[in-house]
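Trainee: Please find start05.cif (mmCIF, C-alpha atoms) on the next line:
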data_run
#
loop_
_atom_site.label_atom_id
_atom_site.label_comp_id
_atom_site.auth_asym_id
_atom_site.auth_seq_id
_atom_site.Cartn_x
_atom_site.Cartn_y
_atom_site.Cartn_z
CA MET Z 11 283.31 -41.43 141.76
CA LYS Z 12 281.66 -40.17 138.58
CA THR Z 13 283.66 -37.43 136.84
CA LEU Z 14 282.99 -35.05 133.96
CA TYR Z 15 285.59 -34.38 131.29
CA PHE Z 16 285.74 -31.22 129.19
CA SER Z 17 288.30 -30.42 126.51
CA GLU Z 18 288.53 -27.32 124.34
CA THR Z 19 290.84 -29.04 121.88
CA SER Z 20 291.98 -32.54 121.02
CA PRO Z 21 294.58 -33.47 121.94
CA ALA Z 22 294.59 -31.40 125.12
CA ASP Z 23 298.24 -30.45 125.40
CA ALA Z 24 298.43 -26.92 126.75
CA ALA Z 25 297.54 -25.23 130.02
CA GLY Z 26 293.78 -24.86 130.41
CA ASP Z 27 292.93 -27.06 127.42
CA ALA Z 28 290.99 -29.58 129.46
CA ILE Z 29 289.55 -30.19 132.89
CA LEU Z 30 288.17 -33.16 134.81
CA LEU Z 31 285.63 -32.36 137.51
CA PRO Z 32 283.80 -34.64 139.95
CA ILE Z 33 280.06 -34.55 139.38
CA SER Z 34 279.73 -33.92 143.11
CA SER Z 35 281.11 -30.42 142.54
CA PHE Z 36 278.48 -29.49 139.93
CA LEU Z 37 276.42 -26.47 141.07
CA SER Z 38 274.13 -25.27 138.29
CA ILE Z 39 273.58 -24.28 134.68
CA ASP Z 40 272.49 -20.80 133.64
CA VAL Z 41 271.74 -19.16 130.31
CA LEU Z 42 274.18 -16.41 129.29
CA SER Z 43 272.93 -15.36 125.86
CA ALA Z 44 271.15 -16.74 122.79
CA THR Z 45 274.20 -18.85 121.93
CA THR Z 46 275.96 -19.45 125.26
CA THR Z 47 275.12 -21.37 128.41
CA ILE Z 48 277.31 -21.74 131.47
CA MET Z 49 277.94 -24.79 133.69
CA GLN Z 50 279.20 -23.91 137.15
CA PHE Z 51 281.20 -26.08 139.54
CA LYS Z 52 282.82 -25.59 142.92
CA LYS Z 53 286.14 -23.89 142.33
CA VAL Z 54 288.88 -26.43 141.76
CA ASP Z 55 291.31 -24.57 144.02
CA GLY Z 56 288.95 -24.80 147.00
CA THR Z 57 288.18 -21.11 147.29
CA HIS Z 58 284.63 -19.82 147.64
CA ASP Z 59 284.24 -19.27 143.92
CA ASN Z 60 283.37 -21.34 140.87
CA SER Z 61 285.06 -22.97 137.95
CA HIS Z 62 282.87 -22.78 134.90
CA ILE Z 63 282.44 -24.13 131.42
CA THR Z 64 280.89 -21.82 128.83
CA ILE Z 65 279.07 -23.84 126.20
CA THR Z 66 278.49 -22.43 122.72
CA HIS Z 67 275.42 -23.70 120.86
CA PRO Z 68 272.95 -22.72 118.12
CA ALA Z 69 270.80 -19.67 118.94
CA GLY Z 70 267.93 -20.24 121.34
CA LYS Z 71 268.98 -23.75 122.37
CA SER Z 72 269.86 -23.24 126.05
CA LEU Z 73 266.95 -25.32 127.31
CA GLU Z 74 267.84 -28.17 124.96
CA VAL Z 75 271.48 -27.99 126.06
CA MET Z 76 270.39 -28.22 129.70
CA LYS Z 77 268.34 -31.31 128.91
CA VAL Z 78 271.04 -33.21 127.03
CA VAL Z 79 273.80 -32.25 129.46
CA SER Z 80 271.61 -33.37 132.37
CA ALA Z 81 270.91 -36.65 130.60
CA ALA Z 82 274.61 -37.11 129.93
CA MET Z 83 275.48 -36.44 133.56
CA ALA Z 84 272.86 -38.97 134.69
CA GLY Z 85 274.10 -41.52 132.19
CA ASN Z 86 275.91 -44.77 132.75
CA THR Z 87 279.64 -44.94 132.34
CA ARG Z 88 282.03 -47.87 132.64
CA SER Z 89 285.08 -45.80 133.38
CA ASN Z 90 283.38 -43.22 135.60
CA VAL Z 91 284.65 -40.52 133.23
CA ILE Z 92 281.95 -38.85 131.11
CA ASP Z 93 283.07 -36.82 128.11
CA ILE Z 94 280.22 -34.33 128.38
CA VAL Z 95 280.56 -32.74 124.93
CA GLU Z 96 280.79 -36.05 123.10
CA LEU Z 97 278.03 -37.74 125.11
CA ALA Z 98 275.67 -34.77 125.04
CA ASN Z 99 276.02 -34.44 121.29
CA THR Z 100 275.23 -38.12 120.74
CA HIS Z 101 272.71 -38.68 123.53
CA PRO Z 102 269.33 -40.12 122.49
CA VAL Z 103 267.61 -37.22 124.26
CA GLY Z 104 268.92 -35.00 121.46
CA GLY Z 105 267.01 -37.14 118.97
CA ILE Z 106 263.88 -36.96 121.09
CA LEU Z 107 264.21 -33.19 121.06
CA GLY Z 108 264.42 -33.27 117.28
CA GLU Z 109 268.03 -32.15 117.13
CA THR Z 110 269.73 -33.42 114.00
CA SER Z 111 273.15 -31.92 114.55
CA SER Z 112 275.45 -31.32 117.49
CA LEU Z 113 273.98 -29.03 120.12
CA ILE Z 114 277.36 -28.14 121.60
CA THR Z 115 279.60 -26.46 119.06
CA GLY Z 116 282.33 -25.33 121.42
CA ILE Z 117 283.34 -24.86 125.04
CA SER Z 118 285.52 -22.48 126.97
CA ILE Z 119 287.03 -23.50 130.30
CA SER Z 120 287.54 -21.10 133.17
CA GLU Z 121 289.35 -22.85 135.99
CA MET E 22 270.81 -47.98 140.71
CA ASN E 23 268.87 -44.73 140.93
CA LYS E 24 270.28 -41.61 139.30
CA GLU E 25 270.24 -37.94 140.06
CA LYS E 26 267.74 -35.52 138.60
CA PHE E 27 268.37 -31.98 137.45
CA LEU E 28 265.60 -29.44 137.96
CA ILE E 29 264.98 -26.79 135.30
CA PHE E 30 263.23 -23.51 136.06
CA ALA E 31 262.41 -20.66 133.67
CA GLU E 32 260.64 -17.36 134.05
CA ALA E 33 257.87 -16.27 131.69
CA LEU E 34 258.87 -15.12 128.23
CA THR E 35 258.45 -11.38 128.13
CA THR E 36 256.60 -9.15 125.70
CA GLU E 37 256.94 -5.40 125.21
CA ASP E 38 254.58 -2.86 123.62
CA VAL E 39 256.13 0.20 121.99
CA ASP E 40 254.07 3.06 120.59
CA ASN E 41 256.35 4.54 118.02
CA SER E 42 256.52 7.62 115.82
CA ASP E 43 258.45 5.93 113.02
CA LYS E 44 259.80 2.61 111.78
CA THR E 45 262.72 2.52 114.22
CA VAL E 46 261.76 0.63 117.38
CA GLN E 47 263.94 0.73 120.49
CA THR E 48 263.50 -2.31 122.72
CA THR E 49 264.18 -1.94 126.44
CA THR E 50 265.40 -4.06 129.31
CA SER E 51 261.82 -4.98 130.13
CA LEU E 52 262.04 -7.30 127.10
CA VAL E 53 265.59 -8.56 127.55
CA ASP E 54 268.32 -7.31 129.87
CA PRO E 55 270.64 -6.12 128.45
CA VAL E 56 269.19 -5.34 125.01
CA SER E 57 272.63 -6.00 123.54
CA LEU E 58 271.74 -9.70 123.81
CA LEU E 59 269.66 -9.09 120.69
CA ASN E 60 271.56 -9.00 117.42
CA ALA E 61 271.15 -9.05 113.66
CA THR E 62 269.97 -12.66 113.56
CA SER E 63 267.57 -12.60 116.52
CA GLY E 64 264.59 -12.50 114.17
CA THR E 65 265.71 -15.22 111.78
CA ASP E 66 266.90 -17.34 114.73
CA GLY E 67 263.43 -17.25 116.28
CA ILE E 68 264.54 -15.38 119.38
CA ILE E 69 262.01 -12.56 118.98
CA GLU E 70 258.79 -11.91 117.10
CA VAL E 71 257.89 -8.41 115.91
CA GLN E 72 254.24 -7.42 115.51
CA LEU E 73 252.51 -4.24 114.38
CA LYS E 74 248.90 -3.38 115.11
CA ALA E 75 247.37 -2.78 111.69
CA HIS E 76 246.08 0.75 111.07
CA ALA E 77 244.48 2.41 108.06
CA ASP E 78 247.61 4.54 107.75
CA HIS E 79 249.83 1.49 107.14
CA THR E 80 250.76 0.01 103.80
CA PHE E 81 251.66 -3.65 104.10
CA GLY E 82 253.85 -5.64 101.73
CA SER E 83 252.23 -8.33 99.60
CA ALA E 84 253.09 -11.09 102.11
CA TYR E 85 250.50 -9.81 104.57
CA GLY E 86 247.40 -9.48 102.43
CA SER E 87 245.00 -6.83 103.72
CA PRO E 88 244.95 -7.14 107.52
CA SER E 89 242.01 -5.66 109.40
CA ALA E 90 242.68 -2.54 111.43
CA GLY E 91 243.36 -3.34 115.08
CA VAL E 92 244.82 -6.78 114.44
CA TYR E 93 248.43 -7.41 115.41
CA VAL E 94 250.28 -8.55 112.29
CA THR E 95 253.50 -10.54 112.68
CA ILE E 96 256.16 -8.96 110.51
CA ASN E 97 258.30 -11.51 108.67
CA SER E 98 261.89 -11.62 109.91
CA SER E 99 263.07 -10.50 106.49
CA GLY E 100 260.89 -7.41 106.87
CA TYR E 101 263.09 -5.80 109.49
CA THR E 102 266.67 -5.50 110.66
CA ILE E 103 268.03 -5.53 114.21
CA GLY E 104 271.07 -3.60 115.37
CA ALA E 105 274.17 -5.62 116.23
CA SER E 106 274.03 -4.68 119.90
CA ASP E 107 271.66 -1.74 120.47
CA GLY E 108 268.32 -3.56 120.51
CA ILE E 109 266.94 -1.32 117.76
CA ILE E 110 264.54 -2.89 115.28
CA THR E 111 264.12 -1.11 111.97
CA ILE E 112 261.13 -1.99 109.80
CA LEU E 113 261.80 -2.10 106.07
CA THR E 114 259.56 0.05 103.89
CA THR E 115 257.64 -1.41 100.98
CA THR E 116 260.08 0.43 98.75
CA GLU E 117 262.91 -1.53 100.35
CA ASP E 118 260.99 -4.82 100.33
CA ASP E 119 257.62 -4.83 98.61
CA VAL E 120 256.83 -8.31 99.94
CA ASN E 121 257.84 -8.22 103.62
CA GLY E 122 258.15 -4.50 104.31
CA VAL E 123 255.58 -2.17 105.87
CA ASP E 124 255.11 1.58 105.51
CA VAL E 125 254.26 2.81 108.99
CA SER E 126 252.26 5.90 109.87
CA SER E 127 253.77 9.32 110.40
CA THR E 128 251.40 9.70 113.35
CA ALA E 129 253.01 8.40 116.52
CA ASN E 130 249.90 6.95 118.10
CA ASN E 131 249.16 4.89 115.00
CA ASN E 132 252.25 2.66 115.27
CA ASP E 133 251.68 0.16 118.05
CA PHE E 134 254.51 -2.37 117.97
CA ARG E 135 254.63 -5.53 120.06
CA ILE E 136 257.85 -7.50 120.48
CA ASN E 137 257.59 -11.01 121.88
CA LEU E 138 260.52 -12.95 123.27
CA LEU E 139 260.34 -16.57 122.07
CA GLN E 140 263.40 -18.05 123.78
CA HIS E 141 265.13 -17.52 127.12
CA ILE E 142 268.40 -15.73 126.36
CA ASP E 143 268.77 -13.50 129.41
CA GLY E 144 270.96 -14.62 132.29
CA GLY E 145 268.90 -15.47 135.34
CA THR E 146 265.75 -16.35 133.41
CA LEU E 147 266.52 -20.03 132.80
CA ALA E 148 268.46 -22.20 135.23
CA CYS E 149 269.13 -25.83 136.05
CA PHE E 150 270.13 -27.26 139.45
CA PRO E 151 271.08 -30.77 140.50
CA ALA E 152 268.69 -32.17 143.09
CA SER E 153 271.65 -32.71 145.41
CA ARG E 154 272.07 -28.91 145.64
CA PHE E 155 268.56 -28.39 147.03
CA ARG E 156 268.76 -26.83 150.50
CA GLY E 157 265.11 -26.47 151.38
CA MET E 158 261.96 -24.47 150.81
CA GLN E 159 260.18 -21.88 152.90
CA THR E 160 256.81 -20.19 152.70
CA VAL E 161 256.81 -16.48 151.86
CA ASP E 162 253.07 -16.03 152.03
CA ALA E 163 249.92 -17.91 151.05
CA ASP E 164 250.80 -18.13 147.37
CA GLU E 165 254.59 -17.73 147.29
CA THR E 166 257.37 -20.08 148.36
CA ASP E 167 261.14 -19.77 148.09
CA LEU E 168 263.18 -22.79 146.99
CA TYR E 169 266.85 -22.64 147.96
CA PHE E 170 269.82 -24.15 146.15
CA ASP E 171 273.56 -23.86 146.70
CA ALA E 172 274.74 -20.76 144.86
CA GLY E 173 276.19 -21.26 141.39
CA THR E 174 278.78 -18.63 142.25
CA GLY E 175 280.40 -21.12 144.59
CA ASP E 176 279.91 -18.78 147.54
CA LEU E 177 279.26 -21.15 150.42
CA ASP E 178 277.50 -18.42 152.39
CA ALA E 179 274.97 -17.68 149.64
CA VAL E 180 272.10 -19.37 147.87
CA ASP E 181 270.26 -19.18 144.58
CA VAL E 182 266.55 -18.68 145.17
CA ILE E 183 263.60 -19.72 143.05
CA LYS E 184 260.53 -17.79 144.16
CA VAL E 185 257.52 -19.84 143.14
CA THR E 186 254.08 -18.29 142.80
CA HIS E 187 251.44 -20.98 143.25
CA GLY E 188 247.83 -21.49 144.21
CA ALA E 189 246.86 -20.00 147.59
CA GLY E 190 247.47 -22.46 150.40
CA LYS E 191 249.21 -24.93 148.10
CA TYR E 192 252.50 -25.15 150.00
CA GLN E 193 252.03 -28.82 150.80
CA GLU E 194 251.24 -29.67 147.18
CA LEU E 195 254.37 -27.78 146.13
CA ALA E 196 256.43 -29.63 148.73
CA GLU E 197 255.16 -32.93 147.34
CA MET E 198 256.02 -31.82 143.81
CA VAL E 199 259.56 -30.96 144.92
CA ARG E 200 259.90 -34.22 146.85
CA ASP E 201 258.91 -36.23 143.78
CA ALA E 202 261.04 -34.12 141.43
CA ILE E 203 264.24 -34.46 143.45
CA SER E 204 263.88 -38.14 144.29
CA PRO E 205 266.41 -40.20 142.32
CA SER E 206 264.98 -42.44 139.63
CA LYS E 207 266.12 -45.22 137.31
CA THR E 208 266.67 -42.81 134.44
CA GLY E 209 267.54 -39.55 136.20
CA GLY E 210 268.18 -36.59 133.90
CA ALA E 211 266.37 -33.30 133.43
CA VAL E 212 263.05 -32.43 135.05
CA GLU E 213 261.25 -29.37 133.71
CA PHE E 214 259.85 -28.29 137.07
CA PHE E 215 258.38 -25.08 135.71
CA VAL E 216 259.33 -23.49 132.40
CA GLY E 217 257.40 -20.31 131.83
CA GLY E 218 255.83 -19.75 128.43
CA SER E 219 254.75 -16.65 126.60
CA THR E 220 252.79 -13.79 128.07
CA ALA E 221 251.68 -12.55 124.68
CA THR E 222 248.18 -13.28 123.41
CA GLY E 223 246.08 -12.98 120.27
CA THR E 224 247.95 -13.44 117.00
CA ALA E 225 251.32 -13.81 118.74
CA THR E 226 253.14 -17.11 118.85
CA ILE E 227 251.76 -18.79 121.96
CA ILE E 228 254.20 -20.86 124.00
CA ASP E 229 252.55 -22.72 126.88
CA ASP E 230 254.04 -23.14 130.35
CA VAL E 231 255.58 -26.53 131.04
CA SER E 232 255.23 -27.87 134.56
CA TYR E 233 256.06 -31.05 136.42
CA ASN E 234 253.63 -33.82 137.18
CA GLY E 235 250.43 -32.01 136.22
CA ASN E 236 251.23 -29.00 138.39
CA PRO E 237 249.18 -29.94 141.50
CA ALA E 238 250.44 -26.80 143.30
CA GLY E 239 249.01 -24.56 140.59
CA ILE E 240 252.33 -22.84 139.84
CA THR E 241 251.80 -19.77 137.67
CA SER E 242 255.31 -18.30 137.57
CA VAL E 243 258.81 -18.46 138.98
CA ASP E 244 261.27 -15.69 139.73
CA ILE E 245 264.91 -16.76 139.55
CA GLN E 246 267.15 -14.86 141.97
CA LEU E 247 270.77 -15.90 141.47
CA ASP E 248 273.51 -14.98 143.89
CA GLY E 249 275.62 -12.19 142.41
CA ASP E 250 272.94 -10.89 140.02
#
Could you write out this file's structure as structure tokens?
Mentor:
Amino acid sequence: MKTLYFSETSPADAAGDAILLPISSFLSIDVLSATTTIMQFKKVDGTHDNSHITITHPAGKSLEVMKVVSAAMAGNTRSNVIDIVELANTHPVGGILGETSSLITGISISE
Amino acid sequence: MNKEKFLIFAEALTTEDVDNSDKTVQTTTSLVDPVSLLNATSGTDGIIEVQLKAHADHTFGSAYGSPSAGVYVTINSSGYTIGASDGIITILTTTEDDVNGVDVSSTANNNDFRINLLQHIDGGTLACFPASRFRGMQTVDADETDLYFDAGTGDLDAVDVIKVTHGAGKYQELAEMVRDAISPSKTGGAVEFFVGGSTATGTATIIDDVSYNGNPAGITSVDIQLDGD
């Protein structure tokens, strides 16, 4: 099973610092503002709600974030754990899009 | 091994005309909803473009030369300020900035502003769905079809809907576009199914629509209807 890893801090050592979600629970991505985009997953506790990751990025880059995150999610992984922030920020698609620095500058996890 | 695709949809970028009596321009939710999504750096960040229809009453800063009356002139981002959260754009006078500023007319009907949105920043105007969340598509009428995806809210009894406006009688072509777009491929990744461009014309920054596979269905716009919005 392919899984997606998100961590607000490193090391993740406090409640809510990090989350691992199966890609099968991924629902959608939506723009929130000029500098924030949200990834939504089926709620981890099984209720009819969502768990979401709010991504912070440079202004006006939501579309680019969607492209690199999608590429990262579709990517190969040996361990079946994809560190989305790390992989998205280093993915070749970012270079194709002309991005010269990290697209994702921060995340906030809402379980 | 084939990989999943992720479909991206975006509505058209909006534009708003404001006939103003002075240099203070209030944007409305027809441009971006809420207007508090605009802030002090929205101009310099390339989120919006501010234009003023040149009139004999106006005095333009040196950066603009001598524009002909009736032509929309794009005001440099350093020629105006934007409120932190109120969506109010204030044009600098030539006294405040003799290069980028503009002295507007004291006659209301002589100040025709045009504000163009250049990026999608408004929730529910740009969305991405994994192909595995596609539930189906249904005709609405001859030139409209609804695409259904599992709701991002996680509500199992709800859906997110993408209403697609396309060429009359082009449902089958749209269905074939969707079939091809959602089929797994060797590379997977993002598919820009339809990303609406600018609605502004003339001297505005023109951003073209982006559509998948040559747009055989003749898609002209999408309306994103998210559960909970």
Trainee: Apply the PyMOL selection byres ((chain E) within 9 of (chain Z)) to the file shown and report the selected residues as a PDB file with C-alpha atoms, in the coordinates of the input.
Mentor:
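Writing done, so here's selection-v1.pdb:
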ATOM      1  CA  LYS E  24     270.280 -41.610 139.300  1.00  0.00           C
ATOM      2  CA  GLU E  25     270.240 -37.940 140.060  1.00  0.00           C
ATOM      3  CA  LYS E  26     267.740 -35.520 138.600  1.00  0.00           C
ATOM      4  CA  PHE E  27     268.370 -31.980 137.450  1.00  0.00           C
ATOM      5  CA  ILE E  29     264.980 -26.790 135.300  1.00  0.00           C
ATOM      6  CA  LEU E  58     271.740  -9.700 123.810  1.00  0.00           C
ATOM      7  CA  LEU E  59     269.660  -9.090 120.690  1.00  0.00           C
ATOM      8  CA  THR E  62     269.970 -12.660 113.560  1.00  0.00           C
ATOM      9  CA  SER E  63     267.570 -12.600 116.520  1.00  0.00           C
ATOM     10  CA  ASP E  66     266.900 -17.340 114.730  1.00  0.00           C
ATOM     11  CA  GLY E  67     263.430 -17.250 116.280  1.00  0.00           C
ATOM     12  CA  ILE E  68     264.540 -15.380 119.380  1.00  0.00           C
ATOM     13  CA  LEU E 139     260.340 -16.570 122.070  1.00  0.00           C
ATOM     14  CA  GLN E 140     263.400 -18.050 123.780  1.00  0.00           C
ATOM     15  CA  HIS E 141     265.130 -17.520 127.120  1.00  0.00           C
ATOM     16  CA  ILE E 142     268.400 -15.730 126.360  1.00  0.00           C
ATOM     17  CA  ASP E 143     268.770 -13.500 129.410  1.00  0.00           C
ATOM     18  CA  GLY E 144     270.960 -14.620 132.290  1.00  0.00           C
ATOM     19  CA  GLY E 145     268.900 -15.470 135.340  1.00  0.00           C
ATOM     20  CA  THR E 146     265.750 -16.350 133.410  1.00  0.00           C
ATOM     21  CA  LEU E 147     266.520 -20.030 132.800  1.00  0.00           C
ATOM     22  CA  ALA E 148     268.460 -22.200 135.230  1.00  0.00           C
ATOM     23  CA  CYS E 149     269.130 -25.830 136.050  1.00  0.00           C
ATOM     24  CA  PHE E 150     270.130 -27.260 139.450  1.00  0.00           C
ATOM     25  CA  PRO E 151     271.080 -30.770 140.500  1.00  0.00           C
ATOM     26  CA  SER E 153     271.650 -32.710 145.410  1.00  0.00           C
ATOM     27  CA  ARG E 154     272.070 -28.910 145.640  1.00  0.00           C
ATOM     28  CA  PHE E 170     269.820 -24.150 146.150  1.00  0.00           C
ATOM     29  CA  ASP E 171     273.560 -23.860 146.700  1.00  0.00           C
ATOM     30  CA  ALA E 172     274.740 -20.760 144.860  1.00  0.00           C
ATOM     31  CA  GLY E 173     276.190 -21.260 141.390  1.00  0.00           C
ATOM     32  CA  THR E 174     278.780 -18.630 142.250  1.00  0.00           C
ATOM     33  CA  GLY E 175     280.400 -21.120 144.590  1.00  0.00           C
ATOM     34  CA  ASP E 176     279.910 -18.780 147.540  1.00  0.00           C
ATOM     35  CA  LEU E 177     279.260 -21.150 150.420  1.00  0.00           C
ATOM     36  CA  ASP E 178     277.500 -18.420 152.390  1.00  0.00           C
ATOM     37  CA  THR E 208     266.670 -42.810 134.440  1.00  0.00           C
ATOM     38  CA  GLY E 209     267.540 -39.550 136.200  1.00  0.00           C
ATOM     39  CA  GLY E 210     268.180 -36.590 133.900  1.00  0.00           C
ATOM     40  CA  ALA E 211     266.370 -33.300 133.430  1.00  0.00           C
ATOM     41  CA  VAL E 212     263.050 -32.430 135.050  1.00  0.00           C
ATOM     42  CA  GLU E 213     261.250 -29.370 133.710  1.00  0.00           C
TER      43      GLU E 213
END
Trainee: Name all residues at most 12 Å from E:Asp201 (count all atoms listed in the file; drop same-chain ones fewer than 2 positions away) and give them as a list in words.
Mentor: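 In the requested format, the answer is Lys26, Leu28, Ala152, Glu194, Leu195, Ala196, Glu197, Met198, Val199, Ile203, Ser204, Pro205, Ser206, Gly209, Val212, Phe214, Tyr233, Asn234, Asn236 and Pro237 of chain E.
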Trainee: For a quick check of understanding, using all atoms listed in the file, which of E:Ser127, E:Ser98, E:Asn137, E:Gln246 has the smallest distance to E:Leu168?
Mentor: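 Selected residue with least distance to E:Leu168: E:Gln246.
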Trainee: Given the PyMOL selection byres ((chain Z and resi 91) around 6) and the file above, list the residues it selects as a list in words.
Mentor: Thr13, Leu14, Ser89, Asn90 and Ile92 of chain Z
Trainee: What is the distance between atom CA of E:Ile228 and atom CA of E:Asp54, in Å to one decimal?
Mentor: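 Interatomic distance, atom CA of E:Ile228 to atom CA of E:Asp54: 20.4 Å.
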Trainee: For a cutoff of 12 Å around the file-coordinate point (249.2, 1.9, 110.5), which residues qualify once you count all atoms listed in the file? I'd like the result as number ranges by chain.
Mentor: E: 40-44, 72-81, 87-94, 123-134
Trainee: Those same residues - C-alpha atoms - I'd like them written as a PDB file, in the coordinates of the input.
Mentor:
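As written to disk, result-v1.pdb reads:
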ATOM      1  CA  ASP E  40     254.070   3.060 120.590  1.00  0.00           C
ATOM      2  CA  ASN E  41     256.350   4.540 118.020  1.00  0.00           C
ATOM      3  CA  SER E  42     256.520   7.620 115.820  1.00  0.00           C
ATOM      4  CA  ASP E  43     258.450   5.930 113.020  1.00  0.00           C
ATOM      5  CA  LYS E  44     259.800   2.610 111.780  1.00  0.00           C
ATOM      6  CA  GLN E  72     254.240  -7.420 115.510  1.00  0.00           C
ATOM      7  CA  LEU E  73     252.510  -4.240 114.380  1.00  0.00           C
ATOM      8  CA  LYS E  74     248.900  -3.380 115.110  1.00  0.00           C
ATOM      9  CA  ALA E  75     247.370  -2.780 111.690  1.00  0.00           C
ATOM     10  CA  HIS E  76     246.080   0.750 111.070  1.00  0.00           C
ATOM     11  CA  ALA E  77     244.480   2.410 108.060  1.00  0.00           C
ATOM     12  CA  ASP E  78     247.610   4.540 107.750  1.00  0.00           C
ATOM     13  CA  HIS E  79     249.830   1.490 107.140  1.00  0.00           C
ATOM     14  CA  THR E  80     250.760   0.010 103.800  1.00  0.00           C
ATOM     15  CA  PHE E  81     251.660  -3.650 104.100  1.00  0.00           C
ATOM     16  CA  SER E  87     245.000  -6.830 103.720  1.00  0.00           C
ATOM     17  CA  PRO E  88     244.950  -7.140 107.520  1.00  0.00           C
ATOM     18  CA  SER E  89     242.010  -5.660 109.400  1.00  0.00           C
ATOM     19  CA  ALA E  90     242.680  -2.540 111.430  1.00  0.00           C
ATOM     20  CA  GLY E  91     243.360  -3.340 115.080  1.00  0.00           C
ATOM     21  CA  VAL E  92     244.820  -6.780 114.440  1.00  0.00           C
ATOM     22  CA  TYR E  93     248.430  -7.410 115.410  1.00  0.00           C
ATOM     23  CA  VAL E  94     250.280  -8.550 112.290  1.00  0.00           C
ATOM     24  CA  VAL E 123     255.580  -2.170 105.870  1.00  0.00           C
ATOM     25  CA  ASP E 124     255.110   1.580 105.510  1.00  0.00           C
ATOM     26  CA  VAL E 125     254.260   2.810 108.990  1.00  0.00           C
ATOM     27  CA  SER E 126     252.260   5.900 109.870  1.00  0.00           C
ATOM     28  CA  SER E 127     253.770   9.320 110.400  1.00  0.00           C
ATOM     29  CA  THR E 128     251.400   9.700 113.350  1.00  0.00           C
ATOM     30  CA  ALA E 129     253.010   8.400 116.520  1.00  0.00           C
ATOM     31  CA  ASN E 130     249.900   6.950 118.100  1.00  0.00           C
ATOM     32  CA  ASN E 131     249.160   4.890 115.000  1.00  0.00           C
ATOM     33  CA  ASN E 132     252.250   2.660 115.270  1.00  0.00           C
ATOM     34  CA  ASP E 133     251.680   0.160 118.050  1.00  0.00           C
ATOM     35  CA  PHE E 134     254.510  -2.370 117.970  1.00  0.00           C
TER      36      PHE E 134
END
Trainee: Figure out the distance between atom CA of E:Asp250 and atom CA of E:Gln159, please, to one decimal in Å.
Mentor: 21.2 Å
Trainee: Figure out the distance between atom CA of E:Thr220 and atom CA of E:Ala202, please, to one decimal in Å.
Mentor: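 The value is 25.7 Å.
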